[in-house]
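What follows is a single structure, written as structure tokens, with notes after it.
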Amino acid sequence: MALIPLYSSSSNADAPPAYTELGLNFTRYKEQSLDPKKVIYGSSNRYDIDISQGSLITPVGRNWSFALDVQHDAMSGASPWFVGTTYNDRPGVIMSGASISDNRTEISTTSRYYFDNGNAGIKLSNSNEDDYKAKAVSMDISLNSQDNSRTYTVALSGSKDKIRPTQGKIPTKFKSDRKDTESAWVAVSQIFSKTVITKLGLSYTRHDGNLSDPYKLLDLRPRNRTQRIWNFSYRQHLSKPNAALRLDYRFYADSWGIDSHTLTTEWYQNFRRVAIVPYLRYYSQSKADFFSTVSNTRNSYYSDDYRLSSFGAITAGLRLEYSLRKWQFDLQAENYRTDKNWGVSSGDSSPALVEFWRASLGISYR
């Protein structure tokens, strides 16, 4: 599945937050079981992930803010090991068995300085799990035009990752390796009226190192990958229903031959203390040049990973926001469905395409 840059911009304000804010968020992610007809061996059950997040943002003096984010993921379940052939000569999945159990903890801090016509920030993060460690840094600066109708943003980020696969029931292909990532991102937002604002962003990311999946039987990918993303956002406030329309489009292309399109539409309906936000997202991607469900050892690279196949996906979700004095509560649920025939591009697809549901509860105190 297409990746995004390490850095993603938040809303640009040229004054530090007025209050200290604390937040907690709990998310349950569950992948749907595979169709038993597509499973040659192993359980059809897949991943379950429980995610706990805590955040703090506070002003520091007149011109600074500080943010702390902590996240813990508890993962368990099974994943596709490789693709074989069923009794009727169709691709089928050999699962790893319920042998995967992992925990990940990520801690990040962000310091931001606000000046007359913009702001600048630096973020440091450290992620640690049983088989993967990552350290990352990102820096960004935003500048406003003289009339404050346009904002320019530039961001740079990089990470150094260490991969040390854990030996479970399924043997791994290497003992340890590394991966380095550098990313650059530029964007401009424009206020067209009191009710309309747009944003255009471009990013370039390069990965070097081991990009293969050590837990798959046949998976050998190039040791470098470049990614380019163009994204456009449109926001319009509608005064009569007291609502906002949000539209986002993203085009992605990389050096492995994958390109994708993502279109998201969201309706933000305000009431007195409650906001109801239904949204719908469409995603389509083409397959990687070396993706195939039929093993071919004559090629330099090969992978049957479903994330590198051709497919389309639709996400339908609903978010509820409730404010009570200094408290805010957020409840969100979404369902993600895939199909090989939903994509814009034709090409080989995997029998292991993932479908999932996700629900989250957030609480913040200001």
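Naming scheme: A, B, ... for chains in displayed order of the structure tokens; residues 1 onward per chain; ligands 1 onward as shown.
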Taking a cut-off of 9 Å and counting only C-alpha atoms, can you build a table that, for each residue of segment 45-110 of chain A near segment 328-350 of chain A, reports the nearest atom pair and how far apart they are in Å (one decimal), sorted by chain then residue number, as CSV?
```
residue,atom,partner,partner_atom,distance
A:Val83,CA,A:Ser350,CA,8.2
A:Pro91,CA,A:Ser350,CA,7.8
A:Gly92,CA,A:Ser350,CA,8.7
A:Val93,CA,A:Ser350,CA,9.0
```
Would you write out those residues with N, CA and C atoms, as a PDB file, in the first residue's frame?
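Ended up saving to selection10.pdb:
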```pdb
ATOM      1  N   VAL A  83       1.857 -17.219  -1.549  1.00  0.00           N
ATOM      2  CA  VAL A  83       0.715 -17.588  -2.390  1.00  0.00           C
ATOM      3  C   VAL A  83       1.059 -18.858  -3.149  1.00  0.00           C
ATOM      4  N   PRO A  91      -4.923 -19.055  -7.560  1.00  0.00           N
ATOM      5  CA  PRO A  91      -4.032 -18.656  -6.456  1.00  0.00           C
ATOM      6  C   PRO A  91      -4.713 -18.807  -5.108  1.00  0.00           C
ATOM      7  N   GLY A  92      -3.984 -19.333  -4.138  1.00  0.00           N
ATOM      8  CA  GLY A  92      -4.478 -19.477  -2.779  1.00  0.00           C
ATOM      9  C   GLY A  92      -3.400 -19.077  -1.789  1.00  0.00           C
ATOM     10  N   VAL A  93      -3.794 -18.893  -0.529  1.00  0.00           N
ATOM     11  CA  VAL A  93      -2.901 -18.328   0.475  1.00  0.00           C
ATOM     12  C   VAL A  93      -2.462 -19.389   1.470  1.00  0.00           C
TER      13      VAL A  93
END
```
Residues within 9 Å of Phe66 of chain A, only C-alpha atoms, excluding chain neighbours under 5 positions, as an MDAnalysis selection string: chainID A and resid 56:60 109:112
Residue contacts of Ala275 of chain A (9 Å, only C-alpha atoms) excluding same-chain residues fewer than 2 positions away, as number ranges by chain: A: 268-273, 277, 319-323
Output all heavy atoms for every residue in that selection, as a short mmCIF file (atom, residue, chain, number, x, y, z; two decimals), in the first residue's frame.
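And here is the file that came out, result.cif:
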```cif
data_model
loop_
_atom_site.label_atom_id
_atom_site.label_comp_id
_atom_site.auth_asym_id
_atom_site.auth_seq_id
_atom_site.Cartn_x
_atom_site.Cartn_y
_atom_site.Cartn_z
N TYR A 268 -18.86 17.87 7.31
CA TYR A 268 -18.72 18.22 8.73
C TYR A 268 -19.94 19.04 9.14
O TYR A 268 -20.04 20.22 8.81
CB TYR A 268 -17.44 19.01 8.95
CG TYR A 268 -16.99 19.10 10.39
CD1 TYR A 268 -15.98 18.28 10.88
CD2 TYR A 268 -17.58 20.01 11.27
CE1 TYR A 268 -15.56 18.36 12.20
CE2 TYR A 268 -17.18 20.09 12.58
CZ TYR A 268 -16.17 19.27 13.04
OH TYR A 268 -15.76 19.36 14.35
N GLN A 269 -20.88 18.39 9.84
CA GLN A 269 -22.13 19.05 10.22
C GLN A 269 -22.09 19.46 11.69
O GLN A 269 -22.01 18.62 12.59
CB GLN A 269 -23.31 18.10 9.99
CG GLN A 269 -24.66 18.70 10.34
CD GLN A 269 -24.99 19.92 9.49
OE1 GLN A 269 -25.07 19.83 8.27
NE2 GLN A 269 -25.18 21.07 10.14
N ASN A 270 -22.18 20.76 11.92
CA ASN A 270 -22.15 21.29 13.29
C ASN A 270 -23.55 21.43 13.86
O ASN A 270 -24.48 21.87 13.18
CB ASN A 270 -21.48 22.67 13.30
CG ASN A 270 -20.00 22.59 13.09
OD1 ASN A 270 -19.27 22.09 13.93
ND2 ASN A 270 -19.55 23.09 11.94
N PHE A 271 -23.68 21.07 15.13
CA PHE A 271 -24.87 21.37 15.92
C PHE A 271 -24.40 22.16 17.15
O PHE A 271 -23.28 22.67 17.17
CB PHE A 271 -25.61 20.09 16.30
CG PHE A 271 -26.15 19.35 15.11
CD1 PHE A 271 -25.48 18.26 14.60
CD2 PHE A 271 -27.32 19.76 14.50
CE1 PHE A 271 -25.97 17.58 13.49
CE2 PHE A 271 -27.82 19.10 13.40
CZ PHE A 271 -27.14 18.00 12.88
N ARG A 272 -25.22 22.26 18.16
CA ARG A 272 -24.86 23.13 19.29
C ARG A 272 -23.60 22.63 20.00
O ARG A 272 -22.66 23.37 20.17
CB ARG A 272 -26.04 23.20 20.28
CG ARG A 272 -25.77 24.15 21.44
CD ARG A 272 -26.97 24.25 22.34
NE ARG A 272 -26.71 25.15 23.46
CZ ARG A 272 -27.56 25.37 24.45
NH1 ARG A 272 -28.75 24.78 24.42
NH2 ARG A 272 -27.24 26.19 25.43
N ARG A 273 -23.59 21.40 20.44
CA ARG A 273 -22.43 20.83 21.11
C ARG A 273 -21.87 19.62 20.38
O ARG A 273 -20.87 19.06 20.80
CB ARG A 273 -22.78 20.42 22.55
CG ARG A 273 -23.12 21.58 23.48
CD ARG A 273 -23.31 21.07 24.90
NE ARG A 273 -23.63 22.16 25.81
CZ ARG A 273 -22.72 22.91 26.42
NH1 ARG A 273 -21.43 22.69 26.17
NH2 ARG A 273 -23.09 23.88 27.24
N VAL A 277 -19.80 13.75 11.43
CA VAL A 277 -18.90 13.82 10.27
C VAL A 277 -18.90 12.48 9.52
O VAL A 277 -18.10 11.59 9.82
CB VAL A 277 -17.46 14.18 10.70
CG1 VAL A 277 -16.60 14.49 9.46
CG2 VAL A 277 -17.46 15.34 11.68
N ARG A 319 -17.74 9.89 12.18
CA ARG A 319 -17.10 10.43 13.38
C ARG A 319 -18.08 11.34 14.11
O ARG A 319 -18.78 12.15 13.48
CB ARG A 319 -15.83 11.20 13.00
CG ARG A 319 -15.02 11.65 14.21
CD ARG A 319 -13.66 12.17 13.81
NE ARG A 319 -13.71 13.47 13.16
CZ ARG A 319 -13.50 13.68 11.87
NH1 ARG A 319 -13.24 12.65 11.06
NH2 ARG A 319 -13.55 14.89 11.35
N LEU A 320 -18.14 11.21 15.43
CA LEU A 320 -18.99 12.05 16.28
C LEU A 320 -18.10 12.82 17.24
O LEU A 320 -17.21 12.24 17.87
CB LEU A 320 -19.99 11.20 17.06
CG LEU A 320 -20.94 10.33 16.26
CD1 LEU A 320 -21.81 9.50 17.20
CD2 LEU A 320 -21.81 11.16 15.33
N GLU A 321 -18.34 14.12 17.36
CA GLU A 321 -17.58 14.97 18.29
C GLU A 321 -18.56 15.66 19.24
O GLU A 321 -19.56 16.23 18.80
CB GLU A 321 -16.78 16.02 17.52
CG GLU A 321 -15.78 15.42 16.53
CD GLU A 321 -15.05 16.49 15.74
OE1 GLU A 321 -15.30 17.69 15.98
OE2 GLU A 321 -14.23 16.13 14.87
N TYR A 322 -18.24 15.59 20.52
CA TYR A 322 -19.10 16.20 21.52
C TYR A 322 -18.25 17.05 22.47
O TYR A 322 -17.25 16.57 23.01
CB TYR A 322 -19.84 15.12 22.32
CG TYR A 322 -20.69 15.68 23.44
CD1 TYR A 322 -21.88 16.36 23.18
CD2 TYR A 322 -20.30 15.53 24.77
CE1 TYR A 322 -22.65 16.87 24.20
CE2 TYR A 322 -21.07 16.04 25.81
CZ TYR A 322 -22.24 16.71 25.53
OH TYR A 322 -23.01 17.23 26.54
N SER A 323 -18.64 18.31 22.66
CA SER A 323 -17.90 19.23 23.52
C SER A 323 -18.73 19.59 24.74
O SER A 323 -19.93 19.87 24.64
CB SER A 323 -17.57 20.51 22.75
OG SER A 323 -16.75 20.23 21.63
#
```
Non-local contacts of segment 222-232 of chain A (8 Å; only C-alpha atoms; under 2 positions in same chain excluded) as a PyMOL selection string: chain A and resi 4+198-212+220+234+248-256+301
Please produce a file of the residues just selected, as a JSON list (two decimals), in the first residue's frame, where the atoms kept are C-alpha atoms.
```json
[["chain", "number", "residue", "atom", "x", "y", "z"],
["A", 4, "ILE", "CA", 3.07, 8.88, 3.06],
["A", 198, "THR", "CA", -7.41, 25.26, -0.81],
["A", 199, "LYS", "CA", -4.05, 23.57, -0.38],
["A", 200, "LEU", "CA", -1.60, 22.00, -2.84],
["A", 201, "GLY", "CA", 1.28, 19.82, -1.65],
["A", 202, "LEU", "CA", 4.17, 17.91, -3.26],
["A", 203, "SER", "CA", 6.50, 15.43, -1.59],
["A", 204, "TYR", "CA", 9.50, 13.29, -2.51],
["A", 205, "THR", "CA", 10.71, 10.36, -0.41],
["A", 206, "ARG", "CA", 13.67, 8.01, -0.86],
["A", 207, "HIS", "CA", 14.23, 4.69, 0.94],
["A", 208, "ASP", "CA", 17.55, 2.83, 0.99],
["A", 209, "GLY", "CA", 18.28, -0.51, 2.64],
["A", 210, "ASN", "CA", 16.37, -3.73, 3.14],
["A", 211, "LEU", "CA", 12.82, -3.23, 1.88],
["A", 212, "SER", "CA", 11.92, -6.94, 1.62],
["A", 220, "LEU", "CA", 13.03, -10.07, -2.75],
["A", 234, "TYR", "CA", -10.52, 21.93, -0.81],
["A", 248, "ASP", "CA", -9.05, 15.68, -0.83],
["A", 249, "TYR", "CA", -7.29, 14.11, -3.81],
["A", 250, "ARG", "CA", -3.89, 12.42, -3.77],
["A", 251, "PHE", "CA", -1.83, 10.96, -6.60],
["A", 252, "TYR", "CA", 1.08, 8.67, -5.76],
["A", 253, "ALA", "CA", 3.82, 7.16, -7.96],
["A", 254, "ASP", "CA", 7.01, 5.28, -7.14],
["A", 255, "SER", "CA", 10.04, 3.66, -8.75],
["A", 256, "TRP", "CA", 8.58, 0.17, -8.30],
["A", 301, "TYR", "CA", 13.02, -9.33, -7.85]]
```
Near-Thr105 of chain A list (10 Å; only C-alpha atoms; drop same-chain fewer than 5 positions) as a ChimeraX atom specification: /A:51-53,70-74,126-130,133
Grab the residues selected above and save them as a PDB file, in the first residue's frame with C-alpha atoms.
```
ATOM      1  CA  ILE A  51      -3.712   1.071  19.967  1.00  0.00           C
ATOM      2  CA  SER A  52      -3.400   3.414  22.966  1.00  0.00           C
ATOM      3  CA  GLN A  53      -2.335   7.030  22.443  1.00  0.00           C
ATOM      4  CA  VAL A  70       3.097   8.500  23.167  1.00  0.00           C
ATOM      5  CA  GLN A  71       1.631   5.505  21.347  1.00  0.00           C
ATOM      6  CA  HIS A  72       1.554   1.799  22.178  1.00  0.00           C
ATOM      7  CA  ASP A  73       0.396  -0.921  19.767  1.00  0.00           C
ATOM      8  CA  ALA A  74      -0.346  -4.513  20.786  1.00  0.00           C
ATOM      9  CA  ASN A 126      11.705   7.006  18.576  1.00  0.00           C
ATOM     10  CA  SER A 127       9.817   3.791  17.773  1.00  0.00           C
ATOM     11  CA  ASN A 128      10.657   0.468  19.387  1.00  0.00           C
ATOM     12  CA  GLU A 129       9.165  -2.985  18.801  1.00  0.00           C
ATOM     13  CA  ASP A 130      10.395  -6.554  19.094  1.00  0.00           C
ATOM     14  CA  LYS A 133      13.602   0.115  15.841  1.00  0.00           C
TER      15      LYS A 133
END
```
Shortest interatomic distance to Tyr19 of chain A - which of A:Lys162, A:Lys326, A:Ala155, A:Pro351, counting only C-alpha atoms: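 Comparing A:Lys162, A:Lys326, A:Ala155, A:Pro351 against Tyr19 of chain A, the winner is A:Lys326.
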Residues flagged strand (DSSP E) by DSSP in segment 248-363 of chain A, as number ranges by chain: A: 248-254, 259-270, 274-285, 302-303, 311-324, 327-339, 356-363
Nearest to Tyr29 of chain A, chosen from A:Leu353, A:Leu156, A:Ala120, A:Ala359, with only C-alpha atoms counted in the distances: A:Ala359
Coordinates-based distance that separates atom CA of Gln32 of chain A from atom CA of Ala352 of chain A (Å, one decimal):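 Here the two named atoms are 10.9 Å from each other.
Ranking A:Val274, A:Leu68, A:Ile107, A:Val154 by their shortest atom-to-atom distance to Thr20 of chain A, with only C-alpha atoms included, puts A:Leu68 first.
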Proximity to Asn63 of chain A - best of A:Thr153, A:Thr27, A:Ser239, A:Tyr114, only C-alpha atoms: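 Between A:Thr153, A:Thr27, A:Ser239, A:Tyr114, the residue approaching Asn63 of chain A most closely is A:Tyr114.
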9 Å contact set for segment 38-42 of chain A, only C-alpha atoms, chain neighbours under 2 positions out, as a list in words: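 Listed by chain and then number, they are Leu34, Asp35, Pro36, Ser44, Asn45, Ala78, Val83, Gly84, Thr85, Thr86, Tyr87, Arg90, Pro91, Gly92, Val93, Ile94, Met95, Ser96, Gly97, Ala98, Pro351 and Ala352 of chain A.
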Could those selected residues go to a file with all heavy atoms, as a compact mmCIF listing (two decimals), in the first residue's frame?
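Output saved as selection.txt:
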```txt
# COMPACT_ATOMS: atom_id res chain seq x y z
N LEU A 34 -10.03 -14.27 6.15
CA LEU A 34 -10.01 -14.59 4.73
C LEU A 34 -11.11 -15.59 4.39
O LEU A 34 -11.50 -16.41 5.24
CB LEU A 34 -8.66 -15.18 4.34
CG LEU A 34 -7.54 -14.21 3.95
CD1 LEU A 34 -6.25 -14.97 3.73
CD2 LEU A 34 -7.91 -13.44 2.70
N ASP A 35 -11.58 -15.52 3.17
CA ASP A 35 -12.51 -16.53 2.66
C ASP A 35 -11.82 -17.89 2.72
O ASP A 35 -10.75 -18.07 2.14
CB ASP A 35 -12.89 -16.19 1.23
CG ASP A 35 -13.93 -17.14 0.64
OD1 ASP A 35 -14.18 -18.20 1.25
OD2 ASP A 35 -14.47 -16.82 -0.42
N PRO A 36 -12.39 -18.88 3.45
CA PRO A 36 -11.74 -20.20 3.55
C PRO A 36 -11.41 -20.83 2.20
O PRO A 36 -10.47 -21.62 2.09
CB PRO A 36 -12.76 -21.03 4.33
CG PRO A 36 -13.55 -20.03 5.11
CD PRO A 36 -13.62 -18.81 4.24
N SER A 44 -7.65 -18.90 8.80
CA SER A 44 -8.11 -17.78 7.98
C SER A 44 -8.17 -16.47 8.76
O SER A 44 -8.42 -15.41 8.20
CB SER A 44 -9.50 -18.08 7.39
OG SER A 44 -10.44 -18.31 8.44
N ASN A 45 -7.94 -16.54 10.09
CA ASN A 45 -7.93 -15.33 10.93
C ASN A 45 -6.71 -14.48 10.64
O ASN A 45 -5.64 -15.00 10.32
CB ASN A 45 -7.97 -15.71 12.41
CG ASN A 45 -9.27 -16.40 12.79
OD1 ASN A 45 -10.31 -16.13 12.22
ND2 ASN A 45 -9.18 -17.33 13.75
N ALA A 78 -2.32 -13.64 12.50
CA ALA A 78 -1.61 -14.33 11.43
C ALA A 78 -1.57 -13.45 10.20
O ALA A 78 -2.37 -12.52 10.05
CB ALA A 78 -2.30 -15.66 11.11
N VAL A 83 1.86 -17.22 -1.55
CA VAL A 83 0.71 -17.59 -2.39
C VAL A 83 1.06 -18.86 -3.15
O VAL A 83 2.11 -18.96 -3.79
CB VAL A 83 0.36 -16.46 -3.37
CG1 VAL A 83 -0.74 -16.90 -4.35
CG2 VAL A 83 -0.09 -15.21 -2.61
N GLY A 84 0.16 -19.86 -3.07
CA GLY A 84 0.33 -21.10 -3.81
C GLY A 84 -0.81 -21.30 -4.79
O GLY A 84 -1.50 -20.34 -5.16
N THR A 85 -1.04 -22.54 -5.19
CA THR A 85 -2.07 -22.86 -6.17
C THR A 85 -3.07 -23.83 -5.54
O THR A 85 -2.68 -24.84 -4.94
CB THR A 85 -1.47 -23.50 -7.43
OG1 THR A 85 -0.49 -22.61 -7.97
CG2 THR A 85 -2.54 -23.75 -8.47
N THR A 86 -4.36 -23.53 -5.66
CA THR A 86 -5.41 -24.37 -5.11
C THR A 86 -5.66 -25.57 -6.03
O THR A 86 -5.07 -25.69 -7.12
CB THR A 86 -6.71 -23.58 -4.93
OG1 THR A 86 -7.16 -23.13 -6.22
CG2 THR A 86 -6.46 -22.36 -4.03
N TYR A 87 -6.58 -26.43 -5.61
CA TYR A 87 -6.89 -27.64 -6.38
C TYR A 87 -7.45 -27.33 -7.76
O TYR A 87 -7.35 -28.12 -8.68
CB TYR A 87 -7.88 -28.52 -5.59
CG TYR A 87 -9.23 -27.89 -5.40
CD1 TYR A 87 -10.26 -28.09 -6.32
CD2 TYR A 87 -9.49 -27.06 -4.30
CE1 TYR A 87 -11.50 -27.51 -6.14
CE2 TYR A 87 -10.73 -26.48 -4.13
CZ TYR A 87 -11.73 -26.70 -5.04
OH TYR A 87 -12.95 -26.11 -4.87
N ARG A 90 -6.18 -22.11 -9.08
CA ARG A 90 -6.30 -20.69 -8.77
C ARG A 90 -5.36 -20.33 -7.63
O ARG A 90 -5.04 -21.18 -6.79
CB ARG A 90 -7.74 -20.33 -8.40
CG ARG A 90 -8.72 -20.47 -9.56
CD ARG A 90 -10.11 -20.03 -9.14
NE ARG A 90 -11.06 -20.11 -10.24
CZ ARG A 90 -12.34 -19.77 -10.14
NH1 ARG A 90 -12.82 -19.36 -8.96
NH2 ARG A 90 -13.14 -19.86 -11.19
N PRO A 91 -4.92 -19.05 -7.56
CA PRO A 91 -4.03 -18.66 -6.46
C PRO A 91 -4.71 -18.81 -5.11
O PRO A 91 -5.89 -18.48 -4.95
CB PRO A 91 -3.73 -17.19 -6.77
CG PRO A 91 -4.01 -17.03 -8.22
CD PRO A 91 -5.13 -17.97 -8.53
N GLY A 92 -3.98 -19.33 -4.14
CA GLY A 92 -4.48 -19.48 -2.78
C GLY A 92 -3.40 -19.08 -1.79
O GLY A 92 -2.23 -18.95 -2.14
N VAL A 93 -3.79 -18.89 -0.53
CA VAL A 93 -2.90 -18.33 0.48
C VAL A 93 -2.46 -19.39 1.47
O VAL A 93 -3.29 -20.16 1.97
CB VAL A 93 -3.58 -17.16 1.23
CG1 VAL A 93 -2.61 -16.51 2.20
CG2 VAL A 93 -4.10 -16.13 0.23
N ILE A 94 -1.17 -19.43 1.74
CA ILE A 94 -0.63 -20.22 2.85
C ILE A 94 -0.36 -19.23 3.97
O ILE A 94 0.45 -18.31 3.82
CB ILE A 94 0.64 -20.99 2.46
CG1 ILE A 94 0.29 -22.15 1.52
CG2 ILE A 94 1.32 -21.53 3.71
CD1 ILE A 94 0.14 -21.78 0.08
N MET A 95 -1.07 -19.39 5.10
CA MET A 95 -0.97 -18.44 6.21
C MET A 95 0.17 -18.82 7.15
O MET A 95 0.61 -19.98 7.21
CB MET A 95 -2.28 -18.38 6.97
CG MET A 95 -3.46 -17.91 6.15
SD MET A 95 -3.35 -16.17 5.70
CE MET A 95 -3.69 -15.39 7.29
N SER A 96 0.62 -17.84 7.93
CA SER A 96 1.72 -18.06 8.86
C SER A 96 1.28 -18.81 10.10
O SER A 96 2.10 -19.25 10.88
CB SER A 96 2.32 -16.71 9.29
OG SER A 96 1.38 -15.97 10.04
N GLY A 97 -0.03 -18.94 10.30
CA GLY A 97 -0.54 -19.45 11.57
C GLY A 97 -0.58 -18.32 12.58
O GLY A 97 0.00 -17.26 12.37
N ALA A 98 -1.25 -18.53 13.69
CA ALA A 98 -1.38 -17.47 14.70
C ALA A 98 -0.08 -17.36 15.50
O ALA A 98 -0.03 -17.57 16.70
CB ALA A 98 -2.56 -17.75 15.61
N PRO A 351 -4.97 -12.94 -3.78
CA PRO A 351 -6.11 -13.51 -3.06
C PRO A 351 -6.11 -13.13 -1.58
O PRO A 351 -7.06 -13.46 -0.87
CB PRO A 351 -5.90 -15.03 -3.24
CG PRO A 351 -4.43 -15.18 -3.41
CD PRO A 351 -3.98 -13.96 -4.18
N ALA A 352 -5.04 -12.44 -1.13
CA ALA A 352 -4.92 -12.10 0.29
C ALA A 352 -5.25 -10.64 0.57
O ALA A 352 -4.85 -10.10 1.61
CB ALA A 352 -3.50 -12.40 0.77
```
Atomic separation - atom CA of Ile363 of chain A relative to atom CA of Thr195 of chain A, Å: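 Between atom CA of Thr195 of chain A and atom CA of Ile363 of chain A the gap works out to 28.9 Å.
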